[in-house]
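Content type compact mmCIF, C-alpha atoms, from the file my_file_21.txt:
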# COMPACT_ATOMS: atom_id res chain seq x y z
CA MET A 1 -57.32 11.27 36.62
CA ARG A 2 -56.41 10.71 32.95
CA THR A 3 -54.21 13.84 33.02
CA GLU A 4 -52.24 12.49 35.99
CA ARG A 5 -51.55 9.23 34.11
CA TRP A 6 -50.15 11.09 31.08
CA THR A 7 -47.93 13.19 33.38
CA VAL A 8 -46.49 10.05 35.04
CA LEU A 9 -45.91 8.39 31.62
CA ILE A 10 -44.04 11.41 30.18
CA ALA A 11 -41.85 11.63 33.29
CA ALA A 12 -40.96 7.96 32.98
CA LEU A 13 -40.01 8.37 29.33
CA ARG A 14 -37.72 11.30 30.15
CA LEU A 15 -35.91 9.20 32.73
CA ALA A 16 -35.55 6.23 30.37
CA LEU A 17 -34.23 8.08 27.30
CA PRO A 18 -30.70 8.87 28.64
CA PHE A 19 -30.23 5.24 29.69
CA SER A 20 -31.42 3.87 26.33
CA SER A 21 -29.15 6.24 24.35
CA ALA A 22 -26.23 5.34 26.58
CA LEU A 23 -26.82 1.66 25.87
CA CYS A 24 -27.03 2.22 22.10
CA SER A 25 -24.00 4.51 21.61
CA PRO A 26 -20.38 3.33 22.17
CA THR A 27 -18.99 5.38 25.04
CA PRO A 28 -15.26 5.84 25.69
CA LEU A 29 -15.61 3.37 28.57
CA ALA A 30 -17.15 0.77 26.24
CA LEU A 31 -14.46 1.33 23.63
CA HIS A 32 -11.78 0.88 26.29
CA ALA A 33 -13.41 -2.36 27.38
CA GLU A 34 -13.21 -3.59 23.77
CA GLY A 35 -9.47 -2.70 23.65
CA ARG A 36 -9.89 0.29 21.30
CA GLN A 37 -9.29 3.97 22.01
CA PRO A 38 -11.67 6.58 20.55
CA ALA A 39 -10.46 7.70 17.12
CA VAL A 40 -8.79 11.13 16.91
CA ASP A 41 -10.81 13.43 14.65
CA ILE A 42 -8.99 15.37 11.89
CA SER A 43 -11.17 18.46 11.79
CA LYS A 44 -9.34 20.41 9.10
CA ILE A 45 -6.92 19.57 6.27
CA GLN A 46 -5.25 22.27 4.19
CA VAL A 47 -2.29 22.81 1.86
CA LEU A 48 -0.40 26.09 2.35
CA PRO A 49 1.97 27.31 -0.40
CA GLY A 50 5.31 28.98 0.42
CA SER A 51 8.52 30.22 -1.13
CA LEU A 52 10.74 27.55 0.46
CA SER A 53 8.20 24.77 0.99
CA ALA A 54 4.59 23.62 0.66
CA LYS A 55 2.87 22.45 3.85
CA LEU A 56 0.16 19.83 4.37
CA ILE A 57 -1.44 20.75 7.74
CA LEU A 58 -3.70 18.39 9.71
CA GLU A 59 -5.72 20.05 12.51
CA THR A 60 -6.73 17.35 15.03
CA GLY A 61 -8.76 16.98 18.19
CA GLY A 62 -5.77 15.43 19.98
CA PRO A 63 -2.25 14.09 19.42
CA LEU A 64 -1.72 11.54 16.66
CA SER A 65 -0.11 8.26 17.59
CA ALA A 66 3.24 7.62 15.81
CA PRO A 67 2.61 8.65 12.18
CA LYS A 68 4.54 6.49 9.69
CA PRO A 69 5.97 8.54 6.77
CA TYR A 70 7.83 7.05 3.78
CA TYR A 71 8.24 7.12 -0.02
CA LEU A 72 6.82 4.21 -2.03
CA THR A 73 9.55 1.91 -3.32
CA ASP A 74 7.87 1.21 -6.67
CA SER A 75 6.73 4.83 -7.13
CA PRO A 76 9.60 7.01 -5.83
CA GLN A 77 7.68 10.29 -6.31
CA THR A 78 4.72 9.18 -4.15
CA PHE A 79 4.88 10.06 -0.45
CA VAL A 80 2.82 8.04 2.04
CA LEU A 81 1.69 9.02 5.56
CA ASP A 82 0.01 6.21 7.53
CA LEU A 83 -2.07 7.31 10.54
CA ASN A 84 -3.60 4.93 13.08
CA ASN A 85 -6.82 5.44 15.05
CA VAL A 86 -8.00 8.57 13.21
CA LYS A 87 -11.06 9.69 11.24
CA THR A 88 -11.92 12.61 8.97
CA SER A 89 -14.72 13.87 6.76
CA GLU A 90 -12.56 16.40 4.89
CA ALA A 91 -10.38 16.15 1.80
CA PRO A 92 -7.61 18.67 1.06
CA VAL A 93 -7.56 20.84 -2.05
CA VAL A 94 -4.18 21.64 -3.63
CA PRO A 95 -3.90 25.38 -4.44
CA SER A 96 -3.42 26.11 -8.12
CA SER A 97 -0.10 27.84 -7.30
CA GLU A 98 1.30 24.50 -6.05
CA ALA A 99 -0.08 22.41 -8.94
CA PRO A 100 3.32 22.27 -10.75
CA PHE A 101 4.84 20.91 -7.52
CA ILE A 102 2.12 18.66 -6.00
CA ARG A 103 0.16 16.61 -8.55
CA ASP A 104 -2.61 15.44 -6.21
CA ILE A 105 -3.40 14.14 -2.73
CA GLN A 106 -5.51 11.07 -1.96
CA VAL A 107 -6.98 10.03 1.39
CA GLN A 108 -7.64 6.32 1.86
CA LYS A 109 -9.29 4.39 4.64
CA SER A 110 -6.94 1.48 5.27
CA GLY A 111 -8.73 -0.06 8.29
CA LEU A 112 -11.56 0.47 10.75
CA GLN A 113 -9.87 3.54 12.25
CA ASP A 114 -6.77 3.99 10.04
CA LEU A 115 -6.10 6.48 7.24
CA ARG A 116 -3.46 6.67 4.54
CA PHE A 117 -2.46 9.91 2.80
CA LEU A 118 -0.91 9.52 -0.67
CA VAL A 119 0.82 12.65 -2.02
CA ARG A 120 1.98 12.41 -5.64
CA LEU A 121 4.77 14.87 -6.41
CA ASN A 122 6.20 15.95 -9.73
CA LYS A 123 9.65 15.59 -8.19
CA ARG A 124 10.98 13.74 -5.16
CA VAL A 125 12.08 16.23 -2.47
CA PRO A 126 13.12 16.13 1.20
CA ILE A 127 10.11 16.05 3.55
CA ARG A 128 9.97 17.33 7.13
CA ILE A 129 7.46 16.01 9.71
CA ARG A 130 6.38 18.17 12.68
CA THR A 131 3.96 16.86 15.31
CA GLU A 132 2.22 19.03 17.91
CA PRO A 133 -0.56 18.19 20.43
CA ARG A 134 -3.34 19.28 18.05
CA ARG A 135 -1.55 19.72 14.74
CA THR A 136 0.68 17.71 12.40
CA VAL A 137 2.61 19.46 9.61
CA VAL A 138 4.11 17.69 6.59
CA GLU A 139 6.54 20.12 4.91
CA PHE A 140 7.70 19.47 1.33
CA ILE A 141 11.03 21.30 0.88
CA LYS A 142 11.48 22.94 -2.53
CA VAL A 143 14.83 23.01 -4.32
CA GLN A 144 15.85 26.59 -5.10
CA GLN A 145 18.34 29.37 -4.46
CA TYR A 146 19.11 30.66 -0.96
CA LEU A 147 16.83 33.22 0.65
CA ILE A 148 15.40 33.93 4.11
CA ASP A 149 11.77 32.91 4.44
CA ALA A 150 9.32 35.48 5.85
CA GLU A 151 8.46 33.20 8.80
CA THR A 152 12.16 32.74 9.63
CA GLN A 153 12.77 36.49 9.42
CA ALA A 154 9.88 37.14 11.82
CA GLN A 155 11.42 34.69 14.34
CA LEU A 156 14.81 36.41 14.03
CA ASP A 157 13.23 39.83 14.61
CA ARG A 158 11.58 38.59 17.83
CA ARG A 159 14.69 36.89 19.18
CA PRO A 160 16.87 38.89 21.65
CA LYS A 161 20.34 39.69 20.35
CA GLY A 162 23.17 37.48 21.53
CA GLU A 163 25.39 34.65 20.33
CA ILE A 164 24.58 30.97 20.81
CA LEU A 165 27.45 28.54 21.26
CA LEU A 166 27.58 25.13 19.55
CA ASP A 167 29.82 22.88 21.65
CA LYS A 168 29.24 19.33 20.42
CA MET A 169 27.86 17.22 17.58
CA ASP A 170 26.86 13.56 17.94
CA ASP A 171 24.42 11.00 16.56
CA SER A 172 22.20 8.16 17.82
CA GLU A 173 20.00 5.44 16.31
CA ALA A 174 16.45 4.34 17.17
CA PRO A 175 14.33 1.54 15.65
CA ASP A 176 12.65 3.92 13.16
CA ARG A 177 15.18 6.77 12.69
CA VAL A 178 18.76 8.03 12.98
CA SER A 179 19.22 11.37 14.79
CA PHE A 180 21.99 13.98 14.69
CA ARG A 181 22.17 16.34 17.69
CA ALA A 182 23.94 19.71 17.87
CA GLN A 183 24.44 20.77 21.51
CA LEU A 184 23.60 24.50 21.86
CA SER A 185 23.76 26.96 24.74
CA ASP A 186 20.26 28.28 23.90
CA GLN A 187 17.37 27.66 21.52
CA ALA A 188 18.21 28.85 18.01
CA VAL A 189 16.23 29.89 14.94
CA VAL A 190 16.84 27.51 12.02
CA GLN A 191 15.98 27.46 8.33
CA VAL A 192 16.03 24.39 6.12
CA PHE A 193 16.34 24.24 2.34
CA SER A 194 17.69 21.83 -0.26
CA LEU A 195 20.10 21.93 -3.20
CA GLU A 196 20.68 19.66 -6.19
CA ASN A 197 23.68 18.30 -8.12
CA PRO A 198 24.53 16.74 -5.74
CA SER A 199 21.45 16.41 -3.54
CA ARG A 200 21.93 18.16 -0.18
CA LEU A 201 19.77 19.17 2.77
CA ILE A 202 20.98 22.43 4.35
CA VAL A 203 20.18 23.47 7.94
CA ASP A 204 21.26 27.04 8.77
CA ILE A 205 21.50 27.73 12.53
CA TYR A 206 21.28 31.50 13.07
CA ASP A 207 23.15 33.57 15.69
CA THR A 208 25.33 30.51 16.38
CA VAL A 209 29.12 30.33 16.75
CA LEU A 210 30.93 27.00 16.38
CA ARG A 211 33.14 26.23 19.39
CA VAL A 212 34.53 22.94 18.02
CA LYS A 213 36.46 22.05 14.89
CA ASP A 214 34.61 21.58 11.64
CA PHE A 215 32.63 18.33 11.80
CA LEU A 216 32.79 15.78 8.96
CA ARG A 217 31.46 12.24 9.23
CA ALA A 218 30.58 9.56 6.68
CA VAL A 219 27.33 7.70 7.36
CA ASP A 220 27.22 4.00 6.52
CA ASN A 221 23.55 3.14 7.04
CA PRO A 222 21.57 1.88 4.00
CA GLN A 223 18.22 2.52 5.75
CA ILE A 224 18.53 6.34 5.68
CA PRO A 225 19.25 8.62 2.70
CA VAL A 226 22.28 10.34 4.31
CA GLN A 227 25.80 9.47 3.14
CA LYS A 228 27.79 12.31 4.78
CA VAL A 229 27.32 14.99 7.49
CA ARG A 230 29.25 18.29 7.54
CA LEU A 231 29.23 21.14 10.07
CA ALA A 232 31.13 24.45 9.70
CA GLN A 233 30.92 28.18 10.39
CA PHE A 234 29.20 29.60 7.31
CA ARG A 235 29.22 33.27 8.35
CA MET A 236 30.62 35.20 11.33
CA SER A 237 28.61 38.42 10.83
CA ASN A 238 26.94 40.57 8.14
CA PRO A 239 24.44 40.78 9.70
CA ARG A 240 24.56 37.76 12.06
CA PRO A 241 26.65 34.58 12.53
CA ILE A 242 25.40 31.38 10.88
CA THR A 243 26.54 27.82 11.50
CA ARG A 244 25.66 25.55 8.57
CA LEU A 245 24.83 21.86 8.91
CA VAL A 246 24.93 19.99 5.57
CA PHE A 247 23.60 16.49 4.89
CA ASP A 248 24.86 14.97 1.62
CA LEU A 249 22.00 12.74 0.43
CA LYS A 250 21.85 9.62 -1.69
CA GLU A 251 18.27 10.63 -2.49
CA PRO A 252 15.64 12.90 -0.87
CA GLY A 253 13.98 11.34 2.16
CA VAL A 254 11.79 12.05 5.20
CA TYR A 255 13.20 13.92 8.20
CA SER A 256 12.21 15.97 11.25
CA VAL A 257 13.81 18.96 13.02
CA ASP A 258 13.35 19.65 16.75
CA SER A 259 14.87 22.72 18.41
CA ASP A 260 14.86 23.59 22.12
CA LYS A 261 17.20 25.16 24.70
CA ARG A 262 19.25 21.95 24.91
CA GLY A 263 20.06 21.85 21.23
CA LEU A 264 18.97 20.97 17.72
CA VAL A 265 18.03 17.45 16.61
CA VAL A 266 17.70 16.46 12.93
CA SER A 267 16.27 12.95 12.51
CA PHE A 268 16.04 10.92 9.29
CA TYR A 269 13.38 8.20 9.13
CA LYS A 270 14.45 4.75 7.99
CA SER A 271 13.11 3.54 4.65
CA MET A 272 10.02 1.35 4.74
CA PRO A 273 10.48 -2.17 3.32
CA ALA A 274 8.46 -2.80 0.18
CA ALA A 275 6.45 -5.57 1.86
CA ALA A 276 5.38 -3.31 4.72
CA ALA A 277 4.03 -0.67 2.32
CA GLU A 278 1.70 -3.24 0.73
CA VAL A 279 0.06 -4.63 3.88
CA LYS A 280 -3.09 -2.46 3.99
CA ALA A 281 -4.44 -2.48 0.45
CA THR A 282 -8.17 -1.85 1.08
CA PRO A 283 -10.47 0.26 -1.11
CA LEU A 284 -10.53 4.02 -0.75
CA GLN A 285 -13.54 5.51 1.03
CA ALA A 286 -12.43 9.14 1.15
CA ALA A 287 -12.27 11.53 -1.78
CA THR A 288 -9.46 11.94 -4.29
CA VAL A 289 -8.19 15.50 -4.33
CA GLN A 290 -7.87 17.70 -7.38
CA THR A 291 -6.34 21.11 -7.77
CA SER A 292 -8.60 24.04 -7.00
CA ALA A 293 -8.24 25.20 -10.61
CA SER A 294 -9.54 21.91 -12.03
CA LYS A 295 -13.10 20.66 -12.30
CA GLN A 296 -14.40 18.81 -9.22
CA GLU A 297 -15.91 15.38 -9.97
CA THR A 298 -17.86 12.85 -7.95
CA PRO A 299 -15.40 10.83 -5.79
CA LYS A 300 -14.96 7.19 -6.80
CA PRO A 301 -13.42 4.32 -4.78
CA VAL A 302 -9.74 3.85 -5.60
CA PRO A 303 -7.50 0.99 -4.41
CA ALA A 304 -4.65 1.75 -2.02
CA ARG A 305 -2.04 1.24 -4.76
CA ALA A 306 -3.79 3.56 -7.22
CA ALA A 307 -0.96 6.07 -6.92
CA THR A 308 1.46 3.52 -8.36
CA ALA A 309 -0.71 2.37 -11.26
CA SER A 310 0.51 5.12 -13.56
CA ALA A 311 4.08 3.87 -13.17
CA ALA A 312 3.20 0.62 -14.99
CA SER A 313 1.41 2.26 -17.93
CA PRO A 314 3.53 2.71 -21.10
CA LEU A 315 4.87 6.14 -21.96
CA ILE A 316 4.51 5.63 -25.74
CA ARG A 317 1.24 4.89 -27.58
CA LYS A 318 2.50 2.44 -30.19
CA ASP A 319 -0.91 2.40 -31.90
CA LEU A 320 -0.49 6.09 -32.79
CA LEU A 321 2.92 5.76 -34.42
CA VAL A 322 3.15 6.17 -38.22
CA PHE A 323 5.87 4.12 -39.88
CA GLY A 324 7.36 5.08 -43.26
CA LYS A 325 9.30 3.09 -45.76
CA GLY A 326 12.93 3.20 -46.70
CA GLN A 327 15.92 4.46 -44.73
CA ILE A 328 15.60 6.94 -41.89
CA PRO A 329 17.07 10.28 -43.08
CA PRO A 330 19.81 12.03 -41.11
CA PRO A 331 18.72 14.83 -38.71
CA ARG A 332 18.20 18.28 -40.19
CA ARG A 333 19.40 20.00 -37.03
CA ASP A 334 21.64 19.02 -34.11
CA ILE A 335 19.65 19.84 -30.96
CA PHE A 336 22.86 20.10 -28.92
CA HIS A 337 24.36 22.70 -31.28
CA PRO A 338 21.47 24.80 -32.62
CA LYS A 339 23.78 26.83 -34.89
CA ILE A 340 24.49 23.82 -37.10
CA ASP A 341 21.89 23.08 -39.80
CA ILE A 342 22.44 19.79 -41.60
CA GLN A 343 20.99 19.94 -45.14
CA THR A 344 19.85 16.72 -46.70
CA SER A 345 18.04 15.68 -49.81
CA ALA A 346 16.79 12.41 -48.38
CA PRO A 347 13.00 12.00 -48.26
CA MET A 348 11.34 12.76 -44.92
CA ILE A 349 8.93 10.36 -43.27
CA ALA A 350 5.74 12.31 -42.52
CA ARG A 351 2.28 11.55 -41.23
CA PRO A 352 -0.29 11.32 -44.09
CA GLY A 353 -2.42 14.46 -44.48
CA PRO A 354 -4.76 16.22 -46.89
CA LYS A 355 -3.33 16.68 -50.38
CA GLY A 356 -2.47 20.16 -51.59
CA LYS A 357 -1.94 21.56 -48.08
CA LYS A 358 1.45 22.24 -46.61
CA PRO A 359 1.91 22.26 -42.86
CA PRO A 360 2.62 25.71 -41.43
CA VAL A 361 6.25 26.42 -40.64
CA SER A 362 6.71 27.79 -37.13
CA GLU A 363 9.39 30.36 -36.53
CA VAL A 364 12.01 29.28 -34.00
CA PRO A 365 13.29 32.05 -31.70
CA THR A 366 16.95 32.72 -32.31
CA PHE A 367 17.80 33.50 -28.67
CA VAL A 368 15.81 31.46 -26.15
CA LEU A 369 18.13 31.40 -23.12
CA ASN A 370 16.90 32.91 -19.85
CA LEU A 371 18.96 33.32 -16.70
CA VAL A 372 19.32 35.55 -13.63
CA TYR A 373 22.68 37.25 -12.91
CA VAL A 374 22.98 37.52 -9.11
CA GLY A 375 26.61 38.66 -8.67
CA SER A 376 30.27 37.88 -9.23
CA VAL A 377 33.47 36.98 -7.41
CA ARG A 378 37.13 37.35 -8.40
CA SER A 379 39.07 34.10 -8.46
CA SER A 380 42.65 33.54 -9.72
CA GLY A 381 42.72 36.97 -11.34
CA LYS A 382 39.49 36.59 -13.31
CA ILE A 383 35.83 37.40 -12.68
CA VAL A 384 33.48 34.48 -12.11
CA ALA A 385 29.76 35.23 -12.51
CA LEU A 386 27.08 33.52 -10.43
CA VAL A 387 23.87 32.95 -12.37
CA ILE A 388 20.63 31.08 -11.68
CA ARG A 389 19.11 28.98 -14.43
CA ASP A 390 16.11 26.71 -13.86
CA GLY A 391 16.53 27.14 -10.08
CA GLN A 392 20.18 26.06 -10.09
CA THR A 393 23.15 28.29 -9.28
CA MET A 394 26.02 28.11 -11.83
CA PRO A 395 29.52 29.70 -11.77
CA LEU A 396 30.58 30.99 -15.21
CA ALA A 397 33.72 32.65 -16.58
CA GLU A 398 34.30 34.33 -19.93
CA GLY A 399 34.38 31.70 -22.68
CA ASP A 400 32.25 29.19 -20.71
CA GLU A 401 29.09 27.75 -22.26
CA VAL A 402 25.87 28.15 -20.27
CA VAL A 403 24.30 25.46 -22.47
CA PRO A 404 25.58 24.19 -25.84
CA GLY A 405 25.47 27.06 -28.33
CA TYR A 406 25.33 29.86 -25.72
CA LYS A 407 28.72 31.26 -24.62
CA VAL A 408 29.65 33.95 -22.09
CA VAL A 409 31.62 36.71 -23.88
CA ARG A 410 31.81 39.47 -21.27
CA ILE A 411 31.44 39.80 -17.47
CA THR A 412 31.37 42.96 -15.36
CA PRO A 413 30.19 43.47 -11.77
CA ASP A 414 26.92 44.91 -13.14
CA GLU A 415 26.11 42.72 -16.17
CA ILE A 416 26.93 39.59 -18.14
CA GLU A 417 26.80 39.26 -21.94
CA VAL A 418 25.99 35.96 -23.67
CA GLU A 419 26.38 35.13 -27.38
CA GLY A 420 23.70 32.93 -28.95
CA PRO A 421 23.90 30.21 -31.63
CA ASN A 422 23.56 32.71 -34.51
CA SER A 423 26.12 35.19 -33.13
CA GLU A 424 23.38 37.34 -31.58
CA ARG A 425 24.15 38.72 -28.13
CA LYS A 426 22.05 39.48 -25.07
CA THR A 427 23.01 41.34 -21.88
CA PHE A 428 21.68 40.35 -18.43
CA SER A 429 21.90 42.93 -15.64
CA ARG A 430 22.73 41.95 -12.06
CA GLN A 431 19.68 41.35 -9.87
CA GLY A 432 19.64 40.99 -6.08
CA ASP A 433 22.29 39.57 -3.79
CA ARG A 434 24.43 36.53 -4.27
CA PRO A 435 22.79 33.34 -2.91

Can you present the structure in this file as structure tokens?
Amino acid sequence: MRTERWTVLIAALRLALPFSSALCSPTPLALHAEGRQPAVDISKIQVLPGSLSAKLILETGGPLSAPKPYYLTDSPQTFVLDLNNVKTSEAPVVPSSEAPFIRDIQVQKSGLQDLRFLVRLNKRVPIRIRTEPRRTVVEFIKVQQYLIDAETQAQLDRRPKGEILLDKMDDSEAPDRVSFRAQLSDQAVVQVFSLENPSRLIVDIYDTVLRVKDFLRAVDNPQIPVQKVRLAQFRMSNPRPITRLVFDLKEPGVYSVDSDKRGLVVSFYKSMPAAAAEVKATPLQAATVQTSASKQETPKPVPARAATASAASPLIRKDLLVFGKGQIPPPRRDIFHPKIDIQTSAPMIARPGPKGKKPPVSEVPTFVLNLVYVGSVRSSGKIVALVIRDGQTMPLAEGDEVVPGYKVVRITPDEIEVEGPNSERKTFSRQGDRP
């Protein structure tokens, strides 16, 4: 009899448990009744390095609702991505190879179900946003010489041969962006990169032939970074035709590129007002991110405007300066003309040190210029060399100065010779193809 009672009690408990757990846990139906949708889970966050760009990839359990990307007004090198109704337990790690490009990434909780990503860059660059049903990609475009990325080359190899016609170019404006559409006869493979001096965003449309006249339009919209749009046939063959779309920028900004069989759409997001960027300033509950090469520390709460705090700190430690007496002596060397050495007998102002010890004198290299010679062209009866220095392409003729004190003395199709500040010479052989 006692055994039967225990059997009935256990059966009753088994029936009651599902109902009690259902009452205690917020179901999707209960969340809907409260006016909130279940938060989308970000299951994986990673930073992928690349030759043309670095990518911040968010793997999600569903589509994200209208991400808001922008640069901070008071910290122009800090990129912000606001996401609504999301959650995550991960924090991205910046690969050591991208440390000179991306300083760090912070993830902040700016509401009950809202997150804010703060990406501090060493240099402001154009940023591309791509959204997919279960993935969002933030692509930071690097400034460098022209080359075909491995991913782009793989797409070109898979694409059937045949020309695509570009028949029309127009633009339209939405509340949050301005879009430029190129009407194509088929879906095309595109590659995006950026150039400096002046700042430009380049979109190369492969296997495409321009059927209209060259397109040139000035853009008068202070909310987007574009000041001019140009479209022309960049190459007709060798090995494939390329139509080039160029956006002359006032400054790097945030954009997106969408390509389908109807055409290509490049959209630039409007700048976020300063007041709107300061609305959600709640403490950070996720981890700050360090580079994989650095030491990992225990995460600490950081306010939402922590990325901008460094902008207000002084660049010079006045308490460490040592002031001498008397007049400041003239410079011993002109840094803009290293060959000139100005001798002076005036006393030097030096930091106090141990008596009887002289500071070691470091030897300065006599020839410190480095460049890459990529090719040459003949213009107006003379040879003009194309070189790359510090990621920037420069045209040089004989007699031109690369930098003050370093002059080009000889150019051939295979090499270029440069004379240094002390009349020493160095020859650079041609490497690769012309960008």

- Pick from A:Leu165, A:Leu83, A:Leu396, A:Ile205: nearest to Phe234 (chain A), with all atoms listed in the file counted? A:Ile205

- Message: Under the rule that all atoms listed in the file are counted, which of A:Thr78, A:Gln153, A:Gln223, A:Ser423 is the nearest residue to Gln106 (chain A)?
- Response: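 The shortest atom-to-atom distance to Gln106 (chain A) comes from A:Thr78.
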
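The space separating CA of Gly253 (chain A) from CA of Arg124 (chain A) comes to 8.3 Å.
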
- Item | Between CA of Arg128 (chain A) and CA of Gln233 (chain A), distance in Å (one decimal) |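 We find that CA of Arg128 (chain A) and CA of Gln233 (chain A) lie 23.8 Å from each other.
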
- Item | Separation of CA of Ala397 (chain A) from CA of Val384 (chain A), in Å and rounded to one decimal |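 Separation between CA of Ala397 (chain A) and CA of Val384 (chain A): 4.8 Å.
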
- Query: Neighbours of Gln191 (chain A) within 9 Å (all atoms listed in the file; same-chain residues fewer than 4 positions away dropped), as an MDAnalysis selection string?
  - Reply: chainID A and resid 148:149 152 202:206

- Item | 9 Å contact set for region 367-379 of chain A, all atoms listed in the file, chain neighbours under 5 positions out, as number ranges by chain | A: 384-390, 395, 402-403, 406, 411-416, 419-422, 424-426, 428-435

Near-region 258-261 of chain A list (6 Å; all atoms listed in the file; drop same-chain fewer than 4 positions) as a PDB file with C-alpha atoms, keeping the file's coordinate frame:
ATOM      1  CA  ASP A 186      20.260  28.280  23.900  1.00  0.00           C
ATOM      2  CA  GLN A 187      17.370  27.660  21.520  1.00  0.00           C
ATOM      3  CA  VAL A 265      18.030  17.450  16.610  1.00  0.00           C
TER       4      VAL A 265
END

- Query: Quick one: of A:Glu417, A:Asp104, A:Asp400, A:Asp114, who's nearest to Ser65 (chain A), counting only C-alpha atoms?
  - Reply: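 Checking each candidate against Ser65 (chain A), we get A:Asp114 as the closest.
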
- Message: Using only C-alpha atoms for the distances, tell me which of A:Ala66, A:Val119, A:Ala154, A:Leu81 is nearest to Phe101 (chain A).
- Response: A:Val119

Give the centre and edge lengths of an axis-aligned box, in Å to one decimal, that holds all listed atoms of region 111-120 of chain A with 8 Å on each side, as JSON.
{"center_x": -4.8, "center_y": 6.3, "center_z": 3.3, "size_x": 29.5, "size_y": 28.7, "size_z": 33.9}

- Restricting the calculation to all atoms listed in the file, which member of A:Leu121, A:Val138, A:Ile102, A:Leu264 is positioned closest to Ile45 (chain A)? A:Val138

- Nearest to Val178 (chain A) among A:Pro225, A:Pro133, A:Pro126, A:Pro95, with distances taken over all atoms listed in the file: which residue is it?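 Nearest to Val178 (chain A): A:Pro225.
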
Quick one: region 71-87 of chain A from the block, N, CA and C atoms, as a JSON list (two decimals), in the first residue's frame.
[["chain", "number", "residue", "atom", "x", "y", "z"],
["A", 71, "TYR", "N", 31.30, 56.84, -37.06],
["A", 71, "TYR", "CA", 32.52, 57.26, -36.36],
["A", 71, "TYR", "C", 32.14, 58.27, -35.27],
["A", 72, "LEU", "N", 32.84, 58.20, -34.12],
["A", 72, "LEU", "CA", 32.59, 59.18, -33.07],
["A", 72, "LEU", "C", 33.06, 60.56, -33.52],
["A", 73, "THR", "N", 32.27, 61.57, -33.22],
["A", 73, "THR", "CA", 32.61, 62.94, -33.62],
["A", 73, "THR", "C", 33.82, 63.45, -32.85],
["A", 74, "ASP", "N", 33.88, 63.18, -31.53],
["A", 74, "ASP", "CA", 34.97, 63.70, -30.72],
["A", 74, "ASP", "C", 36.17, 62.76, -30.67],
["A", 75, "SER", "N", 36.08, 61.60, -31.33],
["A", 75, "SER", "CA", 37.22, 60.69, -31.44],
["A", 75, "SER", "C", 37.18, 60.08, -32.84],
["A", 76, "PRO", "N", 37.67, 60.81, -33.85],
["A", 76, "PRO", "CA", 37.45, 60.43, -35.26],
["A", 76, "PRO", "C", 38.01, 59.07, -35.64],
["A", 77, "GLN", "N", 38.92, 58.49, -34.84],
["A", 77, "GLN", "CA", 39.49, 57.19, -35.18],
["A", 77, "GLN", "C", 38.81, 56.04, -34.45],
["A", 78, "THR", "N", 37.67, 56.33, -33.80],
["A", 78, "THR", "CA", 36.90, 55.31, -33.08],
["A", 78, "THR", "C", 35.61, 55.02, -33.84],
["A", 79, "PHE", "N", 35.46, 53.78, -34.28],
["A", 79, "PHE", "CA", 34.26, 53.35, -35.00],
["A", 79, "PHE", "C", 33.29, 52.70, -34.02],
["A", 80, "VAL", "N", 31.99, 53.01, -34.18],
["A", 80, "VAL", "CA", 30.96, 52.50, -33.28],
["A", 80, "VAL", "C", 29.94, 51.71, -34.10],
["A", 81, "LEU", "N", 29.53, 50.55, -33.57],
["A", 81, "LEU", "CA", 28.45, 49.76, -34.16],
["A", 81, "LEU", "C", 27.45, 49.47, -33.05],
["A", 82, "ASP", "N", 26.26, 50.11, -33.13],
["A", 82, "ASP", "CA", 25.19, 49.90, -32.17],
["A", 82, "ASP", "C", 24.25, 48.81, -32.67],
["A", 83, "LEU", "N", 23.99, 47.81, -31.82],
["A", 83, "LEU", "CA", 23.11, 46.69, -32.16],
["A", 83, "LEU", "C", 22.01, 46.60, -31.13],
["A", 84, "ASN", "N", 20.77, 46.49, -31.59],
["A", 84, "ASN", "CA", 19.61, 46.40, -30.71],
["A", 84, "ASN", "C", 19.14, 44.95, -30.59],
["A", 85, "ASN", "N", 18.66, 44.60, -29.40],
["A", 85, "ASN", "CA", 18.03, 43.31, -29.14],
["A", 85, "ASN", "C", 18.98, 42.15, -29.43],
["A", 86, "VAL", "N", 20.20, 42.21, -28.89],
["A", 86, "VAL", "CA", 21.19, 41.15, -29.08],
["A", 86, "VAL", "C", 21.84, 40.83, -27.74],
["A", 87, "LYS", "N", 22.51, 39.69, -27.68],
["A", 87, "LYS", "CA", 23.27, 39.29, -26.50],
["A", 87, "LYS", "C", 24.46, 38.46, -26.95]]
